[in-house]
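> I'm passing along coords-v9.txt; it holds compact mmCIF, C-alpha atoms.
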# COMPACT_ATOMS: atom_id res chain seq x y z
CA MET A 1 -29.01 -21.99 -13.98
CA GLU A 2 -32.09 -23.43 -15.71
CA LEU A 3 -33.47 -22.70 -19.16
CA ASN A 4 -37.25 -22.95 -18.92
CA PRO A 5 -38.90 -21.51 -22.06
CA PHE A 6 -42.26 -21.45 -20.25
CA ALA A 7 -41.15 -19.38 -17.23
CA HIS A 8 -42.60 -15.88 -17.19
CA GLU A 9 -39.42 -14.57 -15.58
CA PHE A 10 -37.48 -15.91 -18.55
CA HIS A 11 -39.80 -14.08 -20.94
CA GLU A 12 -38.97 -10.80 -19.19
CA ASP A 13 -35.22 -11.14 -19.79
CA PRO A 14 -33.70 -14.34 -21.21
CA TYR A 15 -30.26 -12.86 -21.86
CA PRO A 16 -28.52 -13.48 -18.49
CA THR A 17 -29.51 -17.15 -18.81
CA TYR A 18 -28.13 -17.25 -22.33
CA ARG A 19 -24.83 -15.70 -21.29
CA TRP A 20 -24.40 -18.27 -18.52
CA MET A 21 -25.13 -21.06 -20.99
CA ARG A 22 -22.65 -19.79 -23.58
CA ASP A 23 -19.94 -19.60 -20.93
CA HIS A 24 -20.69 -22.70 -18.83
CA ALA A 25 -22.99 -25.02 -20.79
CA PRO A 26 -22.72 -24.37 -24.55
CA LEU A 27 -24.47 -27.71 -24.95
CA TYR A 28 -27.23 -27.55 -22.36
CA HIS A 29 -29.49 -30.40 -21.26
CA ASN A 30 -32.83 -29.95 -19.50
CA GLU A 31 -33.72 -33.40 -18.19
CA SER A 32 -37.18 -32.52 -16.84
CA LEU A 33 -38.40 -30.96 -20.11
CA ARG A 34 -36.32 -33.42 -22.16
CA PHE A 35 -34.48 -31.12 -24.53
CA TRP A 36 -30.95 -30.08 -25.39
CA ALA A 37 -29.88 -26.59 -26.51
CA LEU A 38 -27.05 -24.89 -28.39
CA SER A 39 -26.41 -21.27 -27.47
CA ARG A 40 -23.21 -20.09 -29.21
CA TYR A 41 -23.43 -18.37 -32.57
CA ARG A 42 -21.11 -20.69 -34.50
CA ASP A 43 -22.86 -23.79 -33.14
CA VAL A 44 -26.35 -22.49 -33.91
CA LEU A 45 -25.25 -21.47 -37.41
CA ALA A 46 -23.70 -24.87 -38.16
CA ALA A 47 -26.76 -26.77 -36.94
CA SER A 48 -29.11 -24.46 -38.86
CA LEU A 49 -27.31 -25.35 -42.08
CA ASP A 50 -27.38 -29.12 -41.44
CA TRP A 51 -31.03 -30.00 -42.06
CA GLU A 52 -30.17 -33.66 -42.63
CA THR A 53 -29.01 -34.02 -39.01
CA TYR A 54 -31.36 -31.49 -37.41
CA SER A 55 -34.84 -32.25 -38.72
CA SER A 56 -37.91 -30.01 -38.56
CA ARG A 57 -40.40 -32.83 -38.96
CA GLU A 58 -41.68 -32.70 -35.35
CA GLY A 59 -42.25 -28.97 -35.17
CA THR A 60 -40.05 -26.04 -34.21
CA THR A 61 -40.90 -25.55 -30.53
CA VAL A 62 -40.09 -27.36 -27.30
CA GLU A 63 -43.51 -28.95 -27.52
CA ARG A 64 -43.17 -31.87 -29.91
CA MET A 65 -45.71 -32.09 -32.68
CA ASP A 66 -46.97 -35.41 -34.04
CA PRO A 67 -45.69 -35.51 -37.66
CA THR A 68 -48.89 -37.24 -38.76
CA LEU A 69 -50.81 -34.05 -37.93
CA PHE A 70 -49.07 -32.34 -40.84
CA GLU A 71 -49.27 -35.09 -43.44
CA THR A 72 -52.43 -33.71 -45.01
CA ARG A 73 -51.94 -30.05 -44.04
CA PRO A 74 -48.15 -29.58 -44.12
CA MET A 75 -46.39 -26.37 -43.12
CA ILE A 76 -43.09 -25.61 -44.83
CA ILE A 77 -41.25 -25.04 -41.54
CA PHE A 78 -42.26 -28.54 -40.40
CA LEU A 79 -40.86 -30.21 -43.51
CA ASP A 80 -37.37 -31.31 -44.60
CA PRO A 81 -36.10 -31.37 -48.19
CA PRO A 82 -36.99 -32.48 -50.79
CA ARG A 83 -40.69 -31.87 -50.10
CA HIS A 84 -39.83 -28.63 -48.31
CA ASP A 85 -37.88 -27.38 -51.33
CA ARG A 86 -40.61 -28.19 -53.84
CA LEU A 87 -43.30 -26.37 -51.87
CA ARG A 88 -41.09 -23.42 -51.00
CA LYS A 89 -40.02 -22.97 -54.62
CA LEU A 90 -43.62 -22.87 -55.72
CA VAL A 91 -44.73 -20.42 -53.05
CA SER A 92 -41.70 -18.23 -53.77
CA ARG A 93 -42.82 -17.88 -57.38
CA VAL A 94 -46.04 -16.18 -56.31
CA PHE A 95 -44.60 -14.47 -53.21
CA THR A 96 -42.13 -12.48 -55.32
CA PRO A 97 -39.98 -9.43 -54.48
CA ARG A 98 -42.00 -7.47 -57.03
CA ARG A 99 -45.28 -8.42 -55.37
CA VAL A 100 -43.86 -7.51 -51.96
CA ALA A 101 -42.45 -4.17 -53.16
CA SER A 102 -45.78 -3.27 -54.71
CA LEU A 103 -47.30 -3.29 -51.21
CA GLU A 104 -45.28 -0.30 -49.98
CA PRO A 105 -47.87 2.38 -50.85
CA PHE A 106 -50.58 0.34 -49.13
CA ILE A 107 -48.35 -0.22 -46.09
CA ARG A 108 -47.53 3.47 -45.81
CA THR A 109 -51.17 4.51 -46.14
CA THR A 110 -52.15 1.96 -43.47
CA VAL A 111 -49.45 3.11 -41.04
CA ARG A 112 -50.41 6.76 -41.48
CA ARG A 113 -54.06 5.98 -40.82
CA LEU A 114 -53.18 4.09 -37.63
CA LEU A 115 -50.83 6.82 -36.42
CA ASP A 116 -53.41 9.53 -37.19
CA CYS A 117 -55.67 7.95 -34.59
CA CYS A 118 -52.84 7.86 -32.04
CA ALA A 119 -51.83 11.46 -32.77
CA GLU A 120 -55.37 12.68 -32.11
CA ARG A 121 -55.15 11.18 -28.61
CA GLY A 122 -51.51 12.11 -28.02
CA GLY A 123 -50.49 8.45 -27.84
CA GLY A 124 -52.05 5.07 -27.26
CA ASP A 125 -51.12 1.40 -27.02
CA PHE A 126 -48.42 0.78 -29.60
CA VAL A 127 -49.36 -2.90 -29.95
CA THR A 128 -53.13 -2.73 -30.22
CA ASP A 129 -53.12 0.56 -32.15
CA VAL A 130 -50.13 0.11 -34.48
CA SER A 131 -47.96 -3.00 -34.49
CA MET A 132 -50.80 -5.54 -34.35
CA PRO A 133 -53.24 -4.08 -36.91
CA LEU A 134 -50.52 -3.19 -39.45
CA PRO A 135 -49.27 -6.72 -40.30
CA MET A 136 -52.80 -8.05 -39.92
CA GLU A 137 -53.99 -5.74 -42.70
CA VAL A 138 -50.93 -6.40 -44.87
CA ILE A 139 -50.84 -10.20 -44.60
CA PHE A 140 -54.56 -10.68 -44.93
CA THR A 141 -54.70 -8.29 -47.88
CA LEU A 142 -51.90 -10.27 -49.51
CA LEU A 143 -53.75 -13.53 -48.90
CA GLY A 144 -57.10 -12.08 -49.95
CA VAL A 145 -58.91 -12.54 -46.62
CA PRO A 146 -62.12 -10.46 -46.39
CA GLU A 147 -61.93 -7.54 -43.96
CA SER A 148 -64.91 -8.86 -41.99
CA ASP A 149 -62.97 -12.03 -41.03
CA ARG A 150 -59.58 -10.53 -40.19
CA LEU A 151 -59.90 -9.63 -36.52
CA GLN A 152 -61.43 -12.98 -35.54
CA LEU A 153 -58.76 -14.85 -37.47
CA ARG A 154 -56.00 -12.83 -35.81
CA GLN A 155 -57.48 -13.55 -32.37
CA TRP A 156 -57.47 -17.29 -33.08
CA MET A 157 -53.83 -17.04 -34.15
CA ASP A 158 -52.84 -15.29 -30.92
CA VAL A 159 -54.66 -17.82 -28.73
CA SER A 160 -53.18 -20.77 -30.66
CA LEU A 161 -49.68 -19.64 -29.62
CA GLU A 162 -50.44 -19.04 -25.94
CA ARG A 163 -48.74 -21.30 -23.38
CA ASP A 164 -49.26 -21.67 -19.63
CA ARG A 165 -46.58 -21.06 -17.03
CA ASP A 166 -43.92 -23.76 -16.51
CA THR A 167 -45.50 -26.49 -18.62
CA PRO A 168 -44.88 -27.77 -22.18
CA VAL A 169 -48.47 -29.00 -22.49
CA VAL A 170 -50.37 -27.14 -25.21
CA PRO A 171 -53.46 -25.70 -23.48
CA GLU A 172 -56.92 -26.72 -24.63
CA ARG A 173 -57.81 -23.18 -25.68
CA ALA A 174 -54.84 -23.15 -28.06
CA MET A 175 -55.89 -26.46 -29.63
CA ILE A 176 -59.46 -25.20 -30.10
CA ALA A 177 -58.19 -21.99 -31.71
CA MET A 178 -56.01 -24.03 -34.10
CA ALA A 179 -59.04 -26.10 -35.11
CA TYR A 180 -61.09 -22.97 -35.80
CA MET A 181 -58.27 -21.58 -37.96
CA MET A 182 -58.00 -24.73 -40.03
CA GLN A 183 -61.77 -24.75 -40.53
CA PHE A 184 -61.67 -21.11 -41.63
CA TRP A 185 -58.96 -21.72 -44.24
CA GLY A 186 -60.84 -24.75 -45.61
CA ASP A 187 -64.03 -22.71 -46.00
CA PHE A 188 -61.99 -19.86 -47.51
CA LEU A 189 -60.66 -22.14 -50.25
CA ASP A 190 -64.16 -23.37 -51.04
CA THR A 191 -65.30 -19.77 -51.50
CA LEU A 192 -62.33 -18.86 -53.72
CA ARG A 193 -63.12 -21.66 -56.15
CA THR A 194 -66.34 -19.90 -57.14
CA GLN A 195 -65.32 -16.30 -56.34
CA ARG A 196 -61.70 -15.80 -57.39
CA SER A 197 -59.72 -12.81 -56.10
CA ASP A 198 -56.34 -11.22 -56.84
CA GLY A 199 -54.93 -12.51 -53.54
CA LEU A 200 -52.03 -14.92 -53.12
CA VAL A 201 -54.23 -17.87 -52.10
CA SER A 202 -56.24 -17.59 -55.30
CA ALA A 203 -52.96 -17.73 -57.27
CA LEU A 204 -51.89 -20.85 -55.36
CA LEU A 205 -55.04 -22.66 -56.48
CA ASP A 206 -53.73 -22.48 -60.06
CA ALA A 207 -50.05 -23.06 -59.32
CA GLU A 208 -48.25 -26.29 -60.21
CA VAL A 209 -45.43 -27.99 -58.34
CA GLU A 210 -42.94 -30.63 -59.44
CA ASP A 211 -43.82 -34.12 -58.25
CA ASP A 212 -41.56 -37.02 -57.29
CA HIS A 213 -41.57 -38.39 -60.85
CA GLY A 214 -40.43 -35.30 -62.72
CA GLY A 215 -43.92 -34.25 -63.71
CA THR A 216 -46.12 -31.53 -62.27
CA THR A 217 -49.12 -31.47 -59.99
CA ARG A 218 -51.36 -28.93 -58.29
CA LEU A 219 -51.09 -28.16 -54.62
CA THR A 220 -53.56 -30.03 -52.46
CA ASP A 221 -56.05 -28.13 -50.35
CA GLY A 222 -54.13 -29.28 -47.29
CA GLU A 223 -50.86 -27.86 -48.61
CA ILE A 224 -52.49 -24.50 -49.30
CA ILE A 225 -54.15 -24.49 -45.87
CA GLY A 226 -50.79 -25.26 -44.26
CA PHE A 227 -49.19 -22.35 -46.10
CA CYS A 228 -52.00 -19.96 -45.13
CA SER A 229 -51.74 -20.98 -41.48
CA LEU A 230 -47.98 -20.48 -41.46
CA LEU A 231 -47.85 -17.18 -43.31
CA GLY A 232 -50.82 -15.80 -41.43
CA ALA A 233 -49.35 -16.59 -38.00
CA ALA A 234 -45.66 -15.90 -38.72
CA GLY A 235 -46.37 -12.81 -40.79
CA ASN A 236 -48.50 -11.32 -38.04
CA GLU A 237 -46.42 -12.28 -35.00
CA THR A 238 -42.95 -11.35 -36.27
CA VAL A 239 -43.76 -7.78 -37.26
CA THR A 240 -46.06 -7.18 -34.28
CA LYS A 241 -43.34 -8.18 -31.83
CA LEU A 242 -40.47 -6.58 -33.78
CA LEU A 243 -42.10 -3.14 -33.93
CA ALA A 244 -43.25 -3.21 -30.30
CA ASN A 245 -39.75 -4.22 -29.21
CA ALA A 246 -38.36 -1.33 -31.25
CA CYS A 247 -40.77 1.12 -29.62
CA VAL A 248 -39.63 0.07 -26.14
CA LEU A 249 -35.94 -0.05 -27.06
CA PHE A 250 -35.89 3.43 -28.56
CA ALA A 251 -37.68 4.82 -25.50
CA ARG A 252 -34.95 3.22 -23.35
CA HIS A 253 -32.19 4.49 -25.63
CA PRO A 254 -33.09 8.07 -26.63
CA ASP A 255 -29.58 8.59 -28.01
CA GLN A 256 -30.27 5.92 -30.63
CA TRP A 257 -33.68 7.41 -31.44
CA ALA A 258 -31.97 10.77 -31.91
CA LYS A 259 -29.66 9.21 -34.50
CA VAL A 260 -32.65 7.92 -36.45
CA LEU A 261 -34.37 11.30 -36.32
CA VAL A 262 -31.27 13.03 -37.67
CA ASP A 263 -30.65 10.39 -40.33
CA PRO A 264 -33.75 8.35 -41.36
CA GLY A 265 -31.44 6.42 -43.67
CA LEU A 266 -30.39 4.50 -40.55
CA ILE A 267 -33.84 2.96 -40.16
CA PRO A 268 -33.11 -0.22 -42.17
CA ASP A 269 -30.06 -0.77 -39.95
CA ALA A 270 -32.19 -0.05 -36.89
CA VAL A 271 -34.60 -2.80 -37.98
CA GLU A 272 -31.72 -5.28 -38.24
CA GLU A 273 -30.31 -4.25 -34.88
CA THR A 274 -33.72 -4.66 -33.24
CA LEU A 275 -33.98 -8.13 -34.75
CA ARG A 276 -30.54 -8.99 -33.38
CA TYR A 277 -30.90 -7.38 -29.98
CA SER A 278 -34.44 -8.49 -29.20
CA SER A 279 -35.32 -11.36 -31.55
CA PRO A 280 -39.08 -12.04 -31.77
CA SER A 281 -38.33 -15.74 -32.39
CA GLN A 282 -35.94 -16.93 -29.71
CA TYR A 283 -35.16 -20.45 -30.88
CA GLN A 284 -35.76 -23.08 -33.53
CA GLY A 285 -36.64 -26.59 -32.39
CA ARG A 286 -35.21 -29.60 -34.19
CA VAL A 287 -34.95 -33.39 -33.78
CA THR A 288 -31.62 -35.17 -34.30
CA THR A 289 -31.57 -37.87 -36.95
CA ARG A 290 -28.32 -39.41 -35.63
CA ASP A 291 -26.04 -39.23 -32.59
CA VAL A 292 -24.10 -35.94 -32.60
CA GLU A 293 -21.31 -34.66 -30.38
CA TRP A 294 -20.99 -31.13 -29.08
CA HIS A 295 -18.45 -29.90 -26.53
CA GLY A 296 -17.47 -33.40 -25.42
CA ARG A 297 -21.04 -34.66 -24.93
CA THR A 298 -23.30 -36.78 -27.11
CA VAL A 299 -26.82 -35.82 -28.12
CA PRO A 300 -28.59 -39.08 -28.99
CA LYS A 301 -30.54 -39.77 -32.15
CA GLY A 302 -34.19 -38.71 -31.80
CA ALA A 303 -33.47 -36.02 -29.19
CA ARG A 304 -35.17 -32.63 -29.09
CA ILE A 305 -32.61 -29.83 -29.52
CA LEU A 306 -33.15 -26.07 -29.51
CA LEU A 307 -31.07 -23.78 -31.68
CA LEU A 308 -31.11 -20.63 -29.55
CA THR A 309 -31.03 -17.86 -32.14
CA GLY A 310 -31.83 -15.28 -29.44
CA SER A 311 -28.65 -16.30 -27.62
CA ALA A 312 -26.56 -16.56 -30.80
CA ASN A 313 -27.43 -12.96 -31.64
CA ARG A 314 -25.96 -11.81 -28.31
CA ASP A 315 -22.82 -13.96 -28.50
CA GLU A 316 -19.81 -11.80 -27.66
CA ARG A 317 -17.66 -14.18 -29.71
CA GLU A 318 -19.43 -12.84 -32.81
CA PHE A 319 -20.74 -9.36 -31.91
CA PRO A 320 -18.58 -6.79 -30.10
CA ASP A 321 -20.30 -5.49 -26.96
CA PRO A 322 -23.44 -7.50 -27.84
CA ASP A 323 -25.62 -6.13 -25.03
CA ARG A 324 -25.32 -2.61 -26.41
CA PHE A 325 -28.20 -1.47 -28.64
CA ASP A 326 -26.56 0.36 -31.56
CA VAL A 327 -28.51 1.29 -34.71
CA ALA A 328 -25.25 1.86 -36.61
CA ARG A 329 -23.98 -1.64 -35.93
CA ARG A 330 -25.17 -3.22 -39.23
CA PRO A 331 -25.34 -6.82 -37.92
CA GLU A 332 -25.82 -8.50 -41.30
CA GLN A 333 -24.88 -11.89 -39.88
CA HIS A 334 -27.63 -12.10 -37.25
CA LEU A 335 -29.84 -15.21 -37.20
CA ALA A 336 -33.14 -13.67 -36.14
CA LEU A 337 -34.88 -14.65 -39.37
CA GLY A 338 -33.38 -18.12 -39.48
CA HIS A 339 -30.67 -19.49 -41.74
CA GLY A 340 -30.28 -22.20 -44.33
CA VAL A 341 -33.25 -23.91 -45.96
CA HIS A 342 -35.65 -22.47 -43.39
CA PHE A 343 -34.66 -18.81 -43.79
CA CYS A 344 -37.85 -16.79 -43.27
CA LEU A 345 -39.92 -16.78 -46.47
CA GLY A 346 -41.49 -13.44 -45.52
CA ALA A 347 -38.24 -11.70 -44.46
CA SER A 348 -38.42 -9.04 -47.18
CA LEU A 349 -42.02 -8.22 -46.30
CA ALA A 350 -41.25 -8.02 -42.57
CA ARG A 351 -38.36 -5.67 -43.26
CA LEU A 352 -40.47 -3.51 -45.57
CA GLU A 353 -43.33 -3.19 -43.08
CA SER A 354 -40.95 -2.42 -40.22
CA ARG A 355 -38.96 0.17 -42.17
CA VAL A 356 -42.07 2.03 -43.33
CA ALA A 357 -43.65 1.89 -39.86
CA LEU A 358 -40.57 3.34 -38.16
CA GLU A 359 -40.21 6.02 -40.83
CA GLU A 360 -43.76 7.18 -40.26
CA PHE A 361 -43.58 6.83 -36.46
CA ALA A 362 -40.42 8.97 -36.37
CA ALA A 363 -42.13 11.64 -38.46
CA ARG A 364 -45.28 11.66 -36.31
CA PHE A 365 -43.79 11.05 -32.84
CA PRO A 366 -40.23 12.43 -32.81
CA ARG A 367 -40.46 12.70 -29.03
CA TYR A 368 -42.35 10.07 -27.06
CA GLY A 369 -42.20 8.00 -23.90
CA VAL A 370 -43.26 4.48 -22.91
CA GLU A 371 -44.91 3.57 -19.60
CA GLU A 372 -42.85 0.47 -18.96
CA SER A 373 -44.62 -0.27 -15.67
CA ARG A 374 -47.79 -0.85 -17.70
CA CYS A 375 -46.22 -2.87 -20.50
CA VAL A 376 -47.48 -6.46 -20.68
CA ARG A 377 -45.46 -9.37 -22.06
CA VAL A 378 -46.86 -12.19 -24.16
CA HIS A 379 -46.31 -15.70 -22.81
CA MET A 380 -45.46 -18.12 -25.59
CA SER A 381 -42.74 -20.77 -25.61
CA ASN A 382 -40.79 -19.28 -28.50
CA VAL A 383 -42.09 -15.83 -29.48
CA HIS A 384 -40.94 -13.02 -27.17
CA GLY A 385 -42.47 -9.56 -27.17
CA TYR A 386 -45.27 -7.42 -25.83
CA GLU A 387 -49.04 -7.61 -25.69
CA HIS A 388 -49.40 -3.99 -24.57
CA VAL A 389 -47.03 -1.00 -24.83
CA PRO A 390 -48.61 2.27 -23.63
CA PHE A 391 -46.87 5.30 -25.15
CA ALA A 392 -47.44 9.05 -25.31
CA ALA A 393 -46.02 12.07 -27.10
CA ALA A 394 -43.50 13.93 -24.97
Would it be possible to restate this file's structure as structure tokens?

Amino acid sequence: MELNPFAHEFHEDPYPTYRWMRDHAPLYHNESLRFWALSRYRDVLAASLDWETYSSREGTTVERMDPTLFETRPMIIFLDPPRHDRLRKLVSRVFTPRRVASLEPFIRTTVRRLLDCCAERGGGDFVTDVSMPLPMEVIFTLLGVPESDRLQLRQWMDVSLERDRDTPVVPERAMIAMAYMMQFWGDFLDTLRTQRSDGLVSALLDAEVEDDHGGTTRLTDGEIIGFCSLLGAAGNETVTKLLANACVLFARHPDQWAKVLVDPGLIPDAVEETLRYSSPSQYQGRVTTRDVEWHGRTVPKGARILLLTGSANRDEREFPDPDRFDVARRPEQHLALGHGVHFCLGASLARLESRVALEEFAARFPRYGVEESRCVRVHMSNVHGYEHVPFAAA
């Protein structure tokens, strides 16, 4: 059995591969793509907590990133403490629970507007009509991005994450899209200096962070650009894929949808179960800083190792009957949003958006069906989900 994160067949259903790995190769080695992988829950959890041994400095995907690329425009997920902690603490002060909670009325109004359009037609494409535009509007409103720039920026983000079949090489179109994004954020900062807004990026321009000598300093433009790039991409992709996965899963499991319709109070648990059962982010890439031993084998210093959160969330050693989708499960210990120092900064926002979206979808489309033969998967090395999900009222 081979784990190839770039295989389209793997994107369709990675879970049989994961089960084989957990049973027969809990420490897996892919010689051709030059990576190792941990697949059991307890192993993934332990490695996620040990940032000193499992470094993020070369990116979080199979494709290694040159650390020098992020020296001037660092992203928090590509940093280790202490620099990671200083930047995260600062961003957390402006990305507060109160600020997130205040977005609920806007989120609900946005979802209702999107669903109104679908209801008029009796259905639509759940991704392009609902789960893609919702986080795009929320994240870019939070950041203060003008409405006229949002769709183009989102398109660049999507293309930057695309990968070709069976190869770890980042395609040229993705590199070009990344360059356009970075240019956009740089121009955006220049505009904000003369035309301040009430968005998060404008607040970051005035924020101060502790330096290495106990004093304080302002964030550099590169640090703010890195944050914008990360939050823009992660905030869009996670919710887009999570909600589309939920739409398909509930269509496949009408008994679980019926439970939600009877008791909408189950929706927060349904969000967690969707995250566990069909994690948008399937793994976290790390680089070992020393030789480590797992299951009688040694992973050498400097090796690429994948922490397979998608597999960990289906580990029968941790979750009873893990391949059963159950909205009443309450899987608080799932790892879909990361763990340790790199726990998802936008987790509360993703949960809020997803809860509100499912509440409104249940109210508007209590009975619906999905045309699975016309569903289209995205093809990225790490993010799993759908590009198109046609649905209709039943």
> Hey, could you make a per-residue contact list for segment 55-165 of chain A against segment 182-186 of chain A with 10 Å as the cut-off, showing the nearest pair of atoms and its distance in Å to one decimal, counting only C-alpha atoms, sorted by chain and number, as a Markdown table?

| residue | atom | partner | partner_atom | distance |
| --- | --- | --- | --- | --- |
| A:Arg73 | CA | A:Met182 | CA | 9.0 |
| A:Val145 | CA | A:Trp185 | CA | 9.5 |
| A:Asp149 | CA | A:Phe184 | CA | 9.2 |
| A:Leu153 | CA | A:Phe184 | CA | 8.1 |
> In Å, how far is it from atom CA of Asp206 of chain A to atom CA of Phe78 of chain A?
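Distance reported for this atom pair: 23.6 Å.
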> Determine the nearest neighbour of Glu237 of chain A from the options A:Tyr386, A:Trp257, A:Tyr277, A:Phe343, counting all atoms listed in the file.
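Result for the nearest residue to Glu237 of chain A: A:Tyr386.
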> Wanna dump the segment 265-367 of chain A-segment 10-13 of chain A contacts at 12 Å for me, each residue with its shortest atom pair and the distance in Å to one decimal, counting only C-alpha atoms, ordered by chain and number, as CSV?

residue,atom,partner,partner_atom,distance
A:Tyr277,CA,A:Asp13,CA,11.7
A:Ser278,CA,A:Asp13,CA,9.8
A:Ser279,CA,A:Asp13,CA,11.8
A:Pro280,CA,A:His11,CA,11.0
A:Ser281,CA,A:His11,CA,11.7
A:Gln282,CA,A:His11,CA,10.0
A:Gly310,CA,A:Asp13,CA,11.0
A:Ser311,CA,A:Asp13,CA,11.4
> Suppose you want the space between atom CA of Gln155 of chain A and atom CA of Ala177 of chain A; what is it in Å?
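Taking atom CA of Gln155 of chain A as the start and atom CA of Ala177 of chain A as the end point, the length is 8.5 Å.
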> Between A:Ala347, A:Val138, A:Cys375, A:Met178, which has the minimum distance to Thr96 of chain A (counting all atoms listed in the file)?
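Under the stated criterion, the closest residue is A:Ala347.
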> Rank A:Arg290, A:Arg113, A:Arg351, A:Arg304 by their smallest atom-to-atom distance to Glu52 of chain A, using only C-alpha atoms, and report the top residue only.
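Checking each candidate against Glu52 of chain A, we get A:Arg290 as the closest.
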> Near Glu273 of chain A, counting only C-alpha atoms, which residues have an atom at most 12 Å away, once you skip same-chain residues fewer than 5 positions from it, shown as a count of residues only?
31
> Between A:Met380, A:Gly144, A:Glu120, A:Pro254, which one has atoms that come closest to Val159 of chain A, using all atoms listed in the file?
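Nearest to Val159 of chain A: A:Met380.
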> If the box runs along x, y and z of the file and leaves 8 Å on each side of segment 97-114 of chain A, what are its centre and edge lengths in Å, one decimal, as lines of an AutoDock Vina configuration file?

center_x = -47.0
center_y = -1.3
center_z = -47.3
size_x = 30.1
size_y = 32.2
size_z = 35.4
> Nearest to Pro300 of chain A: which of A:Asp321, A:Thr53, A:Phe6, A:Leu38 is it, counting only C-alpha atoms?
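Nearest candidate to Pro300 of chain A out of A:Asp321, A:Thr53, A:Phe6, A:Leu38: A:Thr53.
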> When distances are computed from all atoms listed in the file, which of A:Thr238, A:Ser202, A:Leu337, A:His379 shows the smallest separation from Leu219 of chain A?
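Distance minimum relative to Leu219 of chain A lands on A:Ser202.
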> Could you name the residues that touch Ala393 of chain A at 6 Å or less, counting only C-alpha atoms, but leaving out those on the same chain fewer than 2 positions away, as number ranges by chain?
A: 122-123, 367-368
> Export C-alpha atoms of the chosen residues as a tab-separated table (two decimals), in the coordinates of the input?

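Saved the output as out-v9.tsv:
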chain	number	residue	atom	x	y	z
A	122	GLY	CA	-51.51	12.11	-28.02
A	123	GLY	CA	-50.49	8.45	-27.84
A	367	ARG	CA	-40.46	12.70	-29.03
A	368	TYR	CA	-42.35	10.07	-27.06
> With only C-alpha atoms counted, which protein, DNA or RNA residues have an atom no more than 6 Å from (-31.4, -34.9, -32.3) in the file frame? Please answer as a PyMOL selection string.
chain A and resi 287-289+301-305
> Could you list, as a PyMOL selection string, every residue within 10 Å of Arg19 of chain A, counting all atoms listed in the file and ignoring same-chain residues fewer than 2 positions away?
chain A and resi 14-17+21-26+39-40+311-312+314-316
> May I ask for the distance between atom CA of Glu208 of chain A and atom CA of Asp221 of chain A, given in Å to one decimal place?
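So the two atoms, atom CA of Glu208 of chain A and atom CA of Asp221 of chain A, lie 12.7 Å apart.
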> May I have the residues at most 10 Å from (-40.3, -12.7, -46.3) in the file's coordinates, counting all atoms listed in the file, as a list in words?
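Residues with an atom at most 10 Å from (-40.3, -12.7, -46.3): Ser92, Phe95, Thr96, Pro97, Val100, Leu231, Ala234, Gly235, Leu337, Phe343, Cys344, Leu345, Gly346, Ala347, Ser348, Leu349, Ala350, Arg351 and Leu352 of chain A.
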> Would you kindly return, as a PDB file with C-alpha atoms, in the coordinates of the input, each protein, DNA or RNA residue with an atom no farther than 9 Å from any atom of Leu306 of chain A, considering all atoms listed in the file and excluding same-chain residues fewer than 4 positions away?

ATOM      1  CA  PHE A  35     -34.480 -31.120 -24.530  1.00  0.00           C
ATOM      2  CA  TRP A  36     -30.950 -30.080 -25.390  1.00  0.00           C
ATOM      3  CA  ALA A  37     -29.880 -26.590 -26.510  1.00  0.00           C
ATOM      4  CA  LEU A  38     -27.050 -24.890 -28.390  1.00  0.00           C
ATOM      5  CA  SER A  39     -26.410 -21.270 -27.470  1.00  0.00           C
ATOM      6  CA  VAL A  44     -26.350 -22.490 -33.910  1.00  0.00           C
ATOM      7  CA  THR A  60     -40.050 -26.040 -34.210  1.00  0.00           C
ATOM      8  CA  THR A  61     -40.900 -25.550 -30.530  1.00  0.00           C
ATOM      9  CA  VAL A  62     -40.090 -27.360 -27.300  1.00  0.00           C
ATOM     10  CA  TYR A 283     -35.160 -20.450 -30.880  1.00  0.00           C
ATOM     11  CA  GLN A 284     -35.760 -23.080 -33.530  1.00  0.00           C
ATOM     12  CA  GLY A 285     -36.640 -26.590 -32.390  1.00  0.00           C
ATOM     13  CA  ARG A 286     -35.210 -29.600 -34.190  1.00  0.00           C
ATOM     14  CA  VAL A 287     -34.950 -33.390 -33.780  1.00  0.00           C
TER      15      VAL A 287
END
> Just want the 9 Å neighbourhood of Thr141 of chain A, counted on only C-alpha atoms, with same-chain residues fewer than 6 positions away dropped. Output as a list in words.
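The filter keeps Glu147, Gly199 and Leu200 of chain A.
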